[in-house]
Protein chains: 2
Amino acid sequence: VGEAWAQSKSAFTNTLMPMPAKISAHAGELTLTPDFRLSASGFRNRRLESGLQRLRTRLEYATGLTLSRELTAIDKAVSLEVRVQSAGQEPQSVNEDESYALKVTAVGATIDAPTVVGALRGMETFLQLIQGGSNGYYIPAVKIEDSPRFPWRGLLIDCARHFQPIEVLQRTLDGMAAVKMNVFHWRLTDDQGFRMESKIFPKLTGLGSDGLYYTQAQAREIVAYARDHGIRVVPDFDMPGHARSWFVGYPELASGPGPYVLRRKFGIDDAAMDPTRETTFAFLDKFLGEMAGIFPDPYLHISGDESNGAQWRANPKIVAYMRQHHLKDTQALQAEFNQRIEALLTKHGKHMMGWDEVLHPALPKDVVIESWRDTRFLVDAAKRGYRNILAAPYYLDHMKTAEEYYLADPLPPGLDLTSEQRKLVLGGEACMWTEFVDSETLDSRVWPRAAAIAERFWSPLEVRAVDDMYRRLSSASLRLEGLGLTHLTYPEAALRQMAGTEDIDAVRTFVSVLEPYGMSADNKTIQLTPLDRFNNVLPPDPPDRYKFYVLVQSFLQHPSADSKGGIELNILFQRWRDASEKVQALMETSPLLAEGRIRSQQLRELATIGSETVDHLTKMSVVPAGWKESTLAKLKAYEKPTDMLVFTVIVPLKDLVSAVQ
Amino acid sequence: VGEAWAQSKSAFTNTLMPMPAKISAHAGELTLTPDFRLSASGFRNRRLESGLQRLRTRLEYATGLTLSRELTAIDKAVSLEVRVQSAGQEPQSVNEDESYALKVTAVGATIDAPTVVGALRGMETFLQLIQGGSNGYYIPAVKIEDSPRFPWRGLLIDCARHFQPIEVLQRTLDGMAAVKMNVFHWRLTDDQGFRMESKIFPKLTGLGSDGLYYTQAQAREIVAYARDHGIRVVPDFDMPGHARSWFVGYPELASGPGPYVLRRKFGIDDAAMDPTRETTFAFLDKFLGEMAGIFPDPYLHISGDESNGAQWRANPKIVAYMRQHHLKDTQALQAEFNQRIEALLTKHGKHMMGWDEVLHPALPKDVVIESWRDTRFLVDAAKRGYRNILAAPYYLDHMKTAEEYYLADPLPPGLDLTSEQRKLVLGGEACMWTEFVDSETLDSRVWPRAAAIAERFWSPLEVRAVDDMYRRLSSASLRLEGLGLTHLTYPEAALRQMAGTEDIDAVRTFVSVLEPYGMSADNKTIQLTPLDRFNNVLPPDPPDRYKFYVLVQSFLQHPSADSKGGIELNILFQRWRDASEKVQALMETSPLLAEGRIRSQQLRELATIGSETVDHLTKMSVVPAGWKESTLAKLKAYEKPTDMLVFTVIVPLKDLVSAVQ
């Protein structure tokens with residue numbers, strides 16, 4: 001699977017992401033000319049047509065060609081013929097058929113799909129196939145049969161901690177569609193802000209949002225935009241905890257005495273809804289009914305996480321209620337709350353979703369569990385008969401490498417589940433929590449790493465070669481930039497701002513070995529802190545990390561000073577030294593840049609270690625006694641996070657040093 | 001004026017743009033700390049407060065500090081105290097008092113201004129003063145008294161040829177405010193599209209916009225956004241020519257038989273409104289009345305340009321009308337049309353504006369003339385008693401250098417006008433016509449060059465040192481990027497797309513010597529052509545152009561191989577050679593990049609010429625007979641535009657070669 005192309009005689013370079021289920025490459029190619037046409041020759045509707053027009057625009061930009069806007073084939077012109085059988089579901093469900101077959105020959109191309117969504121997936125693959133050569137742009141001859149491994153391939157964006165404007169969400173949806181993700185998990189409330197307009201309860205955003213929220217018209221616009229891209233929207237309103245923002249306007253919902261203001265710090269807040277008062281459920285009934293009218297998806301997320309029970313235990317009336325109803329602890333009280341919410345959601349035509357905290361013996365079986373704390377909750381949920389999705393290994397704010405996310409499988413072969421239980425695992429979600437991420441830095445925290453997760457959810461289990469993933473990820477990253485995502489441009493712009501100059505070659509080299517530290521003990525940063533420091537703007541897992549790893553491994557195969565690897569390493573270490581010096585000069589007039597001073601001094605040390613090691617390995621110098629041990633100790637010291645930054649080059653440098661005899 | 005700082009003992013580095021009317025620098029500085037506060041201690045309203053909150057956010061991002069959101073001074077904290085006397089005019093008029101005084105000492109700062117707009121101008125200056133040092137960020141002690149030279153400092157954005165989304169206009173307004181421009185000339189209609197919603201005549205956008213237009217709510221939003229930034233909005237509805245888009249929905253307005261479709265090519269269209277039918281004026285009466293309710297500014301632009309009269313001469317009824325009314329030519333007919341429009345506008349409370357074609361003996365004196373064809377129309381208009389503004393030298397699509405725009409003065413000393421006539425010259429407008437500019441490329445065509453024009457309109461006549469302008473422009477460019485403008489990021493992103501790789505160092509070097517050719521004979525490009533070629537994405541007047549010029553001049557002072565200049569030139573020429581080779585390798589798989597093949601080959605030639613010349617000038621080699629003449633001839637040949645690109649380095653290279661004995 002996914003590897004047939006490698007054996008082909010075709011000149012095709014596979015940069016597809018996610019890798020299709022089946023692909024074979026053939027001799028020949030379809031040359032793209034101004035006469036090239038797109039046609040919809042089967043079922044067609046506005047959704048398919050707008051998808052085709054977007055395909056045309058992107059094809060035009062990729063090739064510089066101006067193409068016809070007519071969606072019909074004509075005799076003389078080569079075309080991509082899209083043959084769809086039906087509209088698919090309205091609203092799109094978790095069971096939507098997303099399969100497609102794509103065939104490209106020298107005389108034309110076809111996409112066959114049972115639904116419009118399948119055709120949209122095929123069009124993304126078609127775009128990813130574009131290659132350039134001396135005769136212009138072309139699509140290599142291929143035959144692809146494709147469908148996803150998991151039906152639920154989500155991306156959560158936390159729009160509460162930092163508000164994300166509509167245009168940011170739209171380009172996020174563009175990116176999701178490009179890598180065939182199909183669920184936008186739209187997190188709309190938290191202690192730090194209530195982001196969704198309610199016309200019934202206007203004080204939710206009126207007092208609880210700092211004026212930063214989505215109108216109902218905008219929410220409908222996002223739902224429609226997502227549907228156009230074959231993406232479902234699952235809204236998330238956290239309850240009974242993470243709910244302080246509700247109480248700013250409606251303190252009567254809370255379990256403790258008001259008044260309330262928005263929480264500016266992060267972490268767990270004691271404030272929680274009062275689950276013992278009928279007025280709470282009357283409020284939520286109306287609110288959920290109103291939201292059900294805006295979000296057509298059959299699922300609605302109530303989160304239910306991190307409710308610590310503190311406010312409940314502190315309220316004598318609630319304590320009395322628990323005693324009266326034989327609820328032995330606050331978990332049991334929350335379980336009762338969840339049951340009532342589930343009943344309300346059922347009444348409004350929705351299935352309830354919740355994080356793994358909602359797992360409780362009394363929980364109705366209809367609820368879908370999202371495991372965030374650990375993969376074992378996935379196993380637990382599945383064994384107990386709940387459908388579920390996996391988020392735990394895919395937290396993008398943990399700043400892990402694409403490789404780590406990529407190799408985490410929702411259903412690895414050894415998992416102790418029956419085949420029936422395995423079917424309950426619907427897929428997974430990448431999660432972008434935004435405590436330390438604003439609308440400027442969002443893209444560079446989501447992309448391109450989410451593309452590797454998207455492949456994990458779509459492609460066959462066996463597709464897991466890391467080197468090939470990184471090779472294709474670099475192409476995917478550029479394609480995502482072509483859609484308007486700012487993961488490559490924003491870090492550069494931010495570095496220019498920090499450096500106070502357009503001439504940032506040295507700064508680029510400096511930060512090429514650094515990445516932000518994820519699970520931080522950063523309790524200085526609150527919601528109002530400007531996110532303009534190194535750890536906010538540097539991309540996690542920068543491409544140079546894996547490149548350096550590969551360079552070192554290749555050098556270690558045949559360590560010689562005049563080998564390609566030896567020369568490249570020495571040039572690189574010299575560049576590090578030069579950059580260290582130049583960046584320190586820039587720091588004189590830039591306090592924000594100067595926050596990286598320790599790292600810049602260490603970079604010089606690392607360069608020295610690197611050069612010395614290459615000299616030692618290539619017999620250019622004699623290894624002093626104790627050098628290896630002291631050098632490894634130094635590297636170990638540099639491995640620790642400093643100023644919220646970590647070096648990406650320590651492990652390969654340790655490999656280098658360890659190779660010295 | 002504007003130079004006092006240079007004599008001061010202060011460490012202040014002046015990067016202000018536009019240069020204030022009066023500035024003196026003093027010893028000392030105001031240190032920015034987390035306790036720093038902003039306060040409004042005089043008149044205050046929502047406009048001033050939102051300006052102060054924006055100032056706080058930008059100050060926070062520039063410094064990394066989290067500042068108080070309270071707008072009151074407290075005893076212990078250093079503050080910027082803004083003391084305003086009044087709200088200023090509603091709507092803001094051409095006579096608004098924009099003056100302010102800014103004083104910064106070690107213990108605090110004050111802005112005094114008669115109006116909120118003046119305070120907004122002062123806040124922009126305050127932000128431009130931020131400097132960084134080893135003790136953090138600070139504002140150097142200065143005293144500034146400032147007010148504009150011209151009251152009308154505009155930027156025209158053509159939103160008809162290529163639609164510009166709301167968020168693009170918002171960041172354009174941010175940029176304008178940052179350089180103290182105060183009129184957004186919003187061009188809303190042309191043959192290629194009608195961009196403003198009319199509820200009375202819905203077919204204007206319904207059939208004439210490709211679905212790309214501004215709703216009335218959005219237009220009001222832009223007007224409010226502009227007002228918040230101290231910017232007036234003058235809408236522009238071109239008539240009777242450049243009006244084909246009106247006729248798609250309402251062919252009865254036209255002078256020729258319909259039906260009409262949008263024009264996709266550029267240039268002058270024959271279609272024109274029928275000025276002989278009362279129904280035309282009845283339509284325009286209603287339409288202009290509707291627009292008058294959306295745009296509060298007392299001025300409304302009807303353009304009136306490039307109406308060639310062809311459709312009028314071809315219509316027997318119109319010819320008969322002209323004969324009957326003793327109108328000797330189509331100019332006379334247009335003058336009559338203009339008089340009637342002017343009467344309608346007066347009725348709706350608006351002053352009419354028009355391009356210099358509307359100048360006709362019969363034109364009412366109330367009309368404001370905008371000179372676009374030549375500065376002599378400015379003189380003509382002023383002599384005849386019309387108020388006027390100058391656009392002719394400031395066409396940004398002509399792709400001239402910042403220097404050329406900068407040195408073009410609306411009122412140069414030698415102009416043959418009395419002092420009374422000079423007062424009729426209100427200012428000028430930079431014009432961004434968008435035949436070849438879409439929403440992606442707009443910023444890099446407007447900025448940073450428009451900042452140099454903004455200084456021309458704001459600062460004293462005597463401020464005109466080009467080297468100092470370029471030095472300050474590079475700071476202004478970074479500040480504009482900090483506002484979210486994409487003039488630096490988009491060209492890089494586009495080059496990555498063209499090259500198909502993130503590793504574009506060589507491409508950067510290649511394009512550093514190129515710029516787009518402006519006044520083109522490009523009649524291949526129509527409205528639907530993707531604008532993704534070199535000439536679309538490369539910035540005009542790239543910073544390297546002036547840097548190379550300076551480097552060559554400095555080398556020519558003392559030509560020696562081991563001088564700083566000699567070394568830098570040789571490194572640079574070697575980089576050109578390397579880049580030429582690497583870029584040609586990338587071209588193998590990128591047809592769009594390969595469109596620059598001839599230029600990449602010529603770059604290698606230029607590098608050779610450069611190195612040879614440095615060798616000759618430093619006596620490292622003997623000059624072969626005829627070398628100088630043949631080399632100058634080669635340079636002359638390379639000077640011509642090829643593939644819509646021009647080299648930026650030819651003139652300095654000629655200077656180099658000419659210096660060889």
# chains A, B, ... in the order shown; residues from 1 in each chain; ligands from 1
call {"tool": "interface_residues", "arguments": {"of": "chain A", "to": "chain B", "cutoff": "7 Å", "atoms": "only C-alpha atoms", "output": "CSV table (one decimal) with N, CA, C and O atoms, in the first residue's frame"}}
result
chain,number,residue,atom,x,y,z
A,60,GLU,N,-4.7,27.5,-11.5
A,60,GLU,CA,-4.2,28.7,-12.2
A,60,GLU,C,-3.0,29.3,-11.5
A,60,GLU,O,-2.0,29.6,-12.1
A,61,TYR,N,-3.1,29.4,-10.2
A,61,TYR,CA,-2.0,30.0,-9.5
A,61,TYR,C,-0.7,29.2,-9.5
A,61,TYR,O,0.4,29.6,-9.6
A,63,THR,N,0.2,27.2,-11.8
A,63,THR,CA,0.8,27.0,-13.1
A,63,THR,C,0.9,28.3,-13.9
A,63,THR,O,1.6,28.3,-15.0
A,64,GLY,N,0.3,29.4,-13.5
A,64,GLY,CA,0.3,30.6,-14.2
A,64,GLY,C,-0.7,30.6,-15.4
A,64,GLY,O,-0.7,31.6,-16.2
A,66,THR,N,-4.3,30.7,-17.4
A,66,THR,CA,-5.7,31.2,-17.2
A,66,THR,C,-6.6,30.1,-17.9
A,66,THR,O,-6.6,29.9,-19.1
A,132,GLY,N,6.4,20.2,-12.3
A,132,GLY,CA,6.9,21.1,-13.3
A,132,GLY,C,8.1,20.5,-14.0
A,132,GLY,O,8.9,19.8,-13.4
A,133,GLY,N,8.3,20.8,-15.3
A,133,GLY,CA,9.4,20.3,-16.0
A,133,GLY,C,9.8,21.3,-17.2
A,133,GLY,O,9.2,22.4,-17.2
A,134,SER,N,10.6,20.9,-18.0
A,134,SER,CA,11.1,21.8,-19.1
A,134,SER,C,10.0,22.1,-20.1
A,134,SER,O,10.1,23.1,-20.8
A,136,GLY,N,6.8,22.6,-19.2
A,136,GLY,CA,5.7,23.2,-18.5
A,136,GLY,C,5.2,22.3,-17.3
A,136,GLY,O,5.9,21.4,-16.9
A,137,TYR,N,4.0,22.6,-16.9
A,137,TYR,CA,3.4,21.9,-15.8
A,137,TYR,C,2.7,20.7,-16.3
A,137,TYR,O,2.1,20.7,-17.4
A,478,LEU,N,4.7,23.8,1.9
A,478,LEU,CA,4.6,24.8,0.9
A,478,LEU,C,3.2,25.0,0.3
A,478,LEU,O,2.7,26.1,0.0
A,482,GLY,N,0.7,28.1,0.2
A,482,GLY,CA,0.0,28.6,-1.0
A,482,GLY,C,-1.5,28.9,-0.8
A,482,GLY,O,-2.1,29.7,-1.5
A,489,THR,N,5.6,32.6,7.0
A,489,THR,CA,5.8,34.1,6.9
A,489,THR,C,5.8,34.7,8.3
A,489,THR,O,6.6,35.6,8.5
A,493,ALA,N,8.5,37.5,9.9
A,493,ALA,CA,8.0,38.8,10.2
A,493,ALA,C,8.3,39.2,11.7
A,493,ALA,O,8.8,40.3,12.0
A,497,GLN,N,10.7,42.1,13.4
A,497,GLN,CA,10.3,43.0,14.4
A,497,GLN,C,11.2,43.0,15.7
A,497,GLN,O,11.6,44.0,16.2
A,528,LEU,N,-3.5,38.4,28.8
A,528,LEU,CA,-3.2,39.8,28.3
A,528,LEU,C,-1.8,40.0,27.9
A,528,LEU,O,-1.4,41.1,27.4
A,529,THR,N,-0.9,39.0,28.1
A,529,THR,CA,0.5,39.2,27.8
A,529,THR,C,0.7,39.2,26.3
A,529,THR,O,0.2,38.3,25.6
A,530,PRO,N,1.5,40.2,25.8
A,530,PRO,CA,1.8,40.1,24.3
A,530,PRO,C,2.6,38.9,24.0
A,530,PRO,O,3.6,38.6,24.7
A,532,ASP,N,5.0,37.8,21.9
A,532,ASP,CA,6.0,38.3,20.9
A,532,ASP,C,7.4,37.9,21.3
A,532,ASP,O,8.4,38.5,20.8
A,588,GLU,N,22.2,44.4,21.3
A,588,GLU,CA,22.5,45.6,21.9
A,588,GLU,C,21.4,46.6,21.9
A,588,GLU,O,21.2,47.4,22.8
A,589,THR,N,20.6,46.6,20.8
A,589,THR,CA,19.5,47.6,20.7
A,589,THR,C,18.2,46.9,20.7
A,589,THR,O,17.2,47.6,20.4
A,590,SER,N,18.1,45.6,21.0
A,590,SER,CA,16.8,44.9,21.0
A,590,SER,C,16.7,44.1,22.2
A,590,SER,O,17.1,42.9,22.2
A,591,PRO,N,16.1,44.6,23.3
A,591,PRO,CA,15.9,43.9,24.5
A,591,PRO,C,15.1,42.6,24.3
A,591,PRO,O,15.4,41.6,24.9
A,592,LEU,N,14.1,42.5,23.4
A,592,LEU,CA,13.4,41.3,23.1
A,592,LEU,C,14.3,40.2,22.5
A,592,LEU,O,14.3,39.1,22.9
call {"tool": "select_by_dssp", "arguments": {"residues": "range 354-393 of chain A", "states": "helix (DSSP H, G or I)", "output": "list in words"}}
result
Asp356, Glu357, Val358, Thr375, Arg376, Phe377, Leu378, Val379, Asp380, Ala381, Ala382, Lys383, Ala392 and Pro393 of chain A
call {"tool": "write_last_selection", "arguments": {"atoms": "N, CA and C atoms", "output": "compact mmCIF listing (two decimals), in the first residue's frame"}}
result
# COMPACT_ATOMS: atom_id res chain seq x y z
N ASP A 356 -12.66 12.55 28.55
CA ASP A 356 -12.74 11.27 29.25
C ASP A 356 -13.20 11.37 30.70
N GLU A 357 -13.18 12.58 31.28
CA GLU A 357 -13.71 12.72 32.64
C GLU A 357 -15.18 12.34 32.73
N VAL A 358 -15.91 12.43 31.64
CA VAL A 358 -17.35 12.14 31.73
C VAL A 358 -17.63 10.64 31.85
N THR A 375 -4.06 7.36 26.51
CA THR A 375 -4.65 6.42 25.57
C THR A 375 -5.45 5.33 26.30
N ARG A 376 -5.12 5.10 27.58
CA ARG A 376 -5.85 4.04 28.27
C ARG A 376 -7.34 4.36 28.44
N PHE A 377 -7.69 5.63 28.41
CA PHE A 377 -9.11 5.96 28.48
C PHE A 377 -9.83 5.55 27.20
N LEU A 378 -9.09 5.58 26.09
CA LEU A 378 -9.65 5.08 24.83
C LEU A 378 -10.00 3.59 24.99
N VAL A 379 -9.05 2.85 25.51
CA VAL A 379 -9.27 1.41 25.71
C VAL A 379 -10.45 1.18 26.66
N ASP A 380 -10.43 1.93 27.74
CA ASP A 380 -11.48 1.83 28.75
C ASP A 380 -12.86 2.11 28.12
N ALA A 381 -12.94 3.21 27.39
CA ALA A 381 -14.21 3.60 26.77
C ALA A 381 -14.68 2.52 25.79
N ALA A 382 -13.76 2.04 24.96
CA ALA A 382 -14.13 1.05 23.96
C ALA A 382 -14.60 -0.25 24.62
N LYS A 383 -13.91 -0.65 25.65
CA LYS A 383 -14.30 -1.89 26.35
C LYS A 383 -15.69 -1.76 26.96
N ALA A 392 -5.28 12.47 23.10
CA ALA A 392 -4.14 12.53 24.03
C ALA A 392 -2.77 12.72 23.37
N PRO A 393 -2.42 11.93 22.34
CA PRO A 393 -1.05 12.11 21.84
C PRO A 393 -0.90 13.28 20.85
call {"tool": "atom_distance", "arguments": {"atom1": "CA of Pro559 in chain B", "atom2": "CA of Arg545 in chain B"}}
result
20.4 Å
call {"tool": "closest_residue", "arguments": {"among": "A:Arg56, A:Arg387, A:Lys317, A:Arg575", "to": "Leu32 in chain A", "atoms": "only C-alpha atoms"}}
result
A:Arg56
call {"tool": "atom_distance", "arguments": {"atom1": "CA of Lys286 in chain B", "atom2": "CA of Thr434 in chain B"}}
result
28.7 Å
call {"tool": "atom_distance", "arguments": {"atom1": "CA of Gly42 in chain B", "atom2": "CA of Pro91 in chain B"}}
result
21.1 Å
call {"tool": "residues_around", "arguments": {"residues": "Ala561 in chain B", "least_positions_apart": "4", "cutoff": "7 Å", "atoms": "only C-alpha atoms", "output": "PDB file with N, CA, C and O atoms, in the first residue's frame"}}
result
ATOM      1  N   GLY B 566      35.595  47.393  -1.661  1.00  0.00           N
ATOM      2  CA  GLY B 566      36.124  46.443  -2.641  1.00  0.00           C
ATOM      3  C   GLY B 566      35.818  45.011  -2.239  1.00  0.00           C
ATOM      4  O   GLY B 566      35.395  44.191  -3.070  1.00  0.00           O
ATOM      5  N   ILE B 567      36.019  44.720  -0.960  1.00  0.00           N
ATOM      6  CA  ILE B 567      35.737  43.365  -0.474  1.00  0.00           C
ATOM      7  C   ILE B 567      34.259  43.033  -0.607  1.00  0.00           C
ATOM      8  O   ILE B 567      33.875  41.987  -1.134  1.00  0.00           O
ATOM      9  N   THR B 618      41.223  48.536  -9.486  1.00  0.00           N
ATOM     10  CA  THR B 618      42.188  48.362  -8.395  1.00  0.00           C
ATOM     11  C   THR B 618      43.524  47.862  -8.923  1.00  0.00           C
ATOM     12  O   THR B 618      44.329  47.332  -8.159  1.00  0.00           O
TER      13      THR B 618
END
call {"tool": "residues_around", "arguments": {"residues": "Gly175 in chain A", "least_positions_apart": "4", "cutoff": "7 Å", "atoms": "only C-alpha atoms", "output": "JSON, numbers by chain"}}
result
{"A": [171, 179, 480]}
call {"tool": "closest_residue", "arguments": {"among": "A:Val107, A:Leu253, A:Met239, A:Leu188", "to": "Asp75 in chain A", "atoms": "only C-alpha atoms"}}
result
A:Val107
call {"tool": "residues_around", "arguments": {"residues": "Ala73 in chain A", "least_positions_apart": "6", "cutoff": "10 Å", "atoms": "only C-alpha atoms", "output": "PyMOL selection string"}}
result
chain A and resi 36-41+79-81
call {"tool": "residues_around", "arguments": {"residues": "Val84 in chain A", "least_positions_apart": "5", "cutoff": "10 Å", "atoms": "only C-alpha atoms", "output": "list of chain:residue names"}}
result
A:Ala40, A:Ser41, A:Gly42, A:Phe43, A:Arg44, A:Leu48, A:Tyr100, A:Ile111, A:Asp112, A:Ala113, A:Pro114, A:Thr115, A:Val116, A:Val117, A:Gly118, A:Ala119
call {"tool": "residues_around", "arguments": {"residues": "Met196 in chain A", "least_positions_apart": "6", "cutoff": "8 Å", "atoms": "only C-alpha atoms", "output": "VMD selection string"}}
result
chain A and resid 188 to 189 205 213 to 216 219
call {"tool": "write_last_selection", "arguments": {"atoms": "C-alpha atoms", "output": "PDB file, in the first residue's frame"}}
result
ATOM      1  CA  LEU A 188     -16.135  28.378  21.948  1.00  0.00           C
ATOM      2  CA  THR A 189     -16.090  28.894  25.706  1.00  0.00           C
ATOM      3  CA  THR A 205     -20.833  37.697  25.093  1.00  0.00           C
ATOM      4  CA  TYR A 213     -16.932  36.813  19.762  1.00  0.00           C
ATOM      5  CA  TYR A 214     -18.632  35.296  16.742  1.00  0.00           C
ATOM      6  CA  THR A 215     -22.047  36.548  15.730  1.00  0.00           C
ATOM      7  CA  GLN A 216     -24.590  33.908  14.826  1.00  0.00           C
ATOM      8  CA  ALA A 219     -20.997  31.045  12.916  1.00  0.00           C
TER       9      ALA A 219
END
call {"tool": "closest_residue", "arguments": {"among": "A:Tyr406, A:Tyr250, A:Tyr260, A:Phe436", "to": "Asn523 in chain A", "atoms": "only C-alpha atoms"}}
result
A:Phe436
call {"tool": "decode", "arguments": {"residues": "range 396-414 of chain A", "atoms": "N, CA and C atoms", "output": "compact mmCIF listing (two decimals), in the first residue's frame"}}
result
# COMPACT_ATOMS: atom_id res chain seq x y z
N LEU A 396 -1.09 19.79 20.06
CA LEU A 396 -0.10 20.57 19.31
C LEU A 396 0.64 21.56 20.21
N ASP A 397 0.00 21.97 21.31
CA ASP A 397 0.66 22.91 22.21
C ASP A 397 1.77 22.25 23.02
N HIS A 398 1.84 20.92 22.98
CA HIS A 398 2.96 20.23 23.65
C HIS A 398 4.25 20.39 22.87
N MET A 399 4.15 20.94 21.66
CA MET A 399 5.32 21.29 20.86
C MET A 399 6.19 20.08 20.53
N LYS A 400 5.58 18.94 20.40
CA LYS A 400 6.34 17.76 20.01
C LYS A 400 6.69 17.81 18.52
N THR A 401 7.58 16.93 18.10
CA THR A 401 7.94 16.91 16.69
C THR A 401 6.84 16.23 15.87
N ALA A 402 6.82 16.54 14.59
CA ALA A 402 5.89 15.88 13.68
C ALA A 402 6.05 14.37 13.79
N GLU A 403 7.28 13.93 13.92
CA GLU A 403 7.57 12.51 14.02
C GLU A 403 6.83 11.85 15.19
N GLU A 404 6.88 12.51 16.36
CA GLU A 404 6.21 11.93 17.53
C GLU A 404 4.71 11.80 17.31
N TYR A 405 4.09 12.88 16.78
CA TYR A 405 2.66 12.80 16.51
C TYR A 405 2.36 11.71 15.49
N TYR A 406 3.22 11.65 14.49
CA TYR A 406 3.00 10.76 13.35
C TYR A 406 3.00 9.30 13.78
N LEU A 407 3.88 8.97 14.69
CA LEU A 407 4.03 7.56 15.08
C LEU A 407 3.02 7.13 16.15
N ALA A 408 2.28 8.10 16.69
CA ALA A 408 1.25 7.74 17.67
C ALA A 408 -0.01 7.30 16.92
N ASP A 409 -0.37 6.05 17.04
CA ASP A 409 -1.51 5.52 16.28
C ASP A 409 -2.72 5.34 17.20
N PRO A 410 -3.91 5.75 16.73
CA PRO A 410 -5.10 5.53 17.56
C PRO A 410 -5.34 4.04 17.82
N LEU A 411 -4.98 3.20 16.88
CA LEU A 411 -5.22 1.76 17.03
C LEU A 411 -3.98 0.97 16.65
N PRO A 412 -2.96 1.04 17.49
CA PRO A 412 -1.75 0.28 17.16
C PRO A 412 -2.05 -1.22 17.23
N PRO A 413 -1.28 -2.04 16.48
CA PRO A 413 -1.58 -3.47 16.38
C PRO A 413 -1.73 -4.17 17.73
N GLY A 414 -0.93 -3.80 18.71
CA GLY A 414 -0.94 -4.56 19.96
C GLY A 414 -2.07 -4.22 20.93
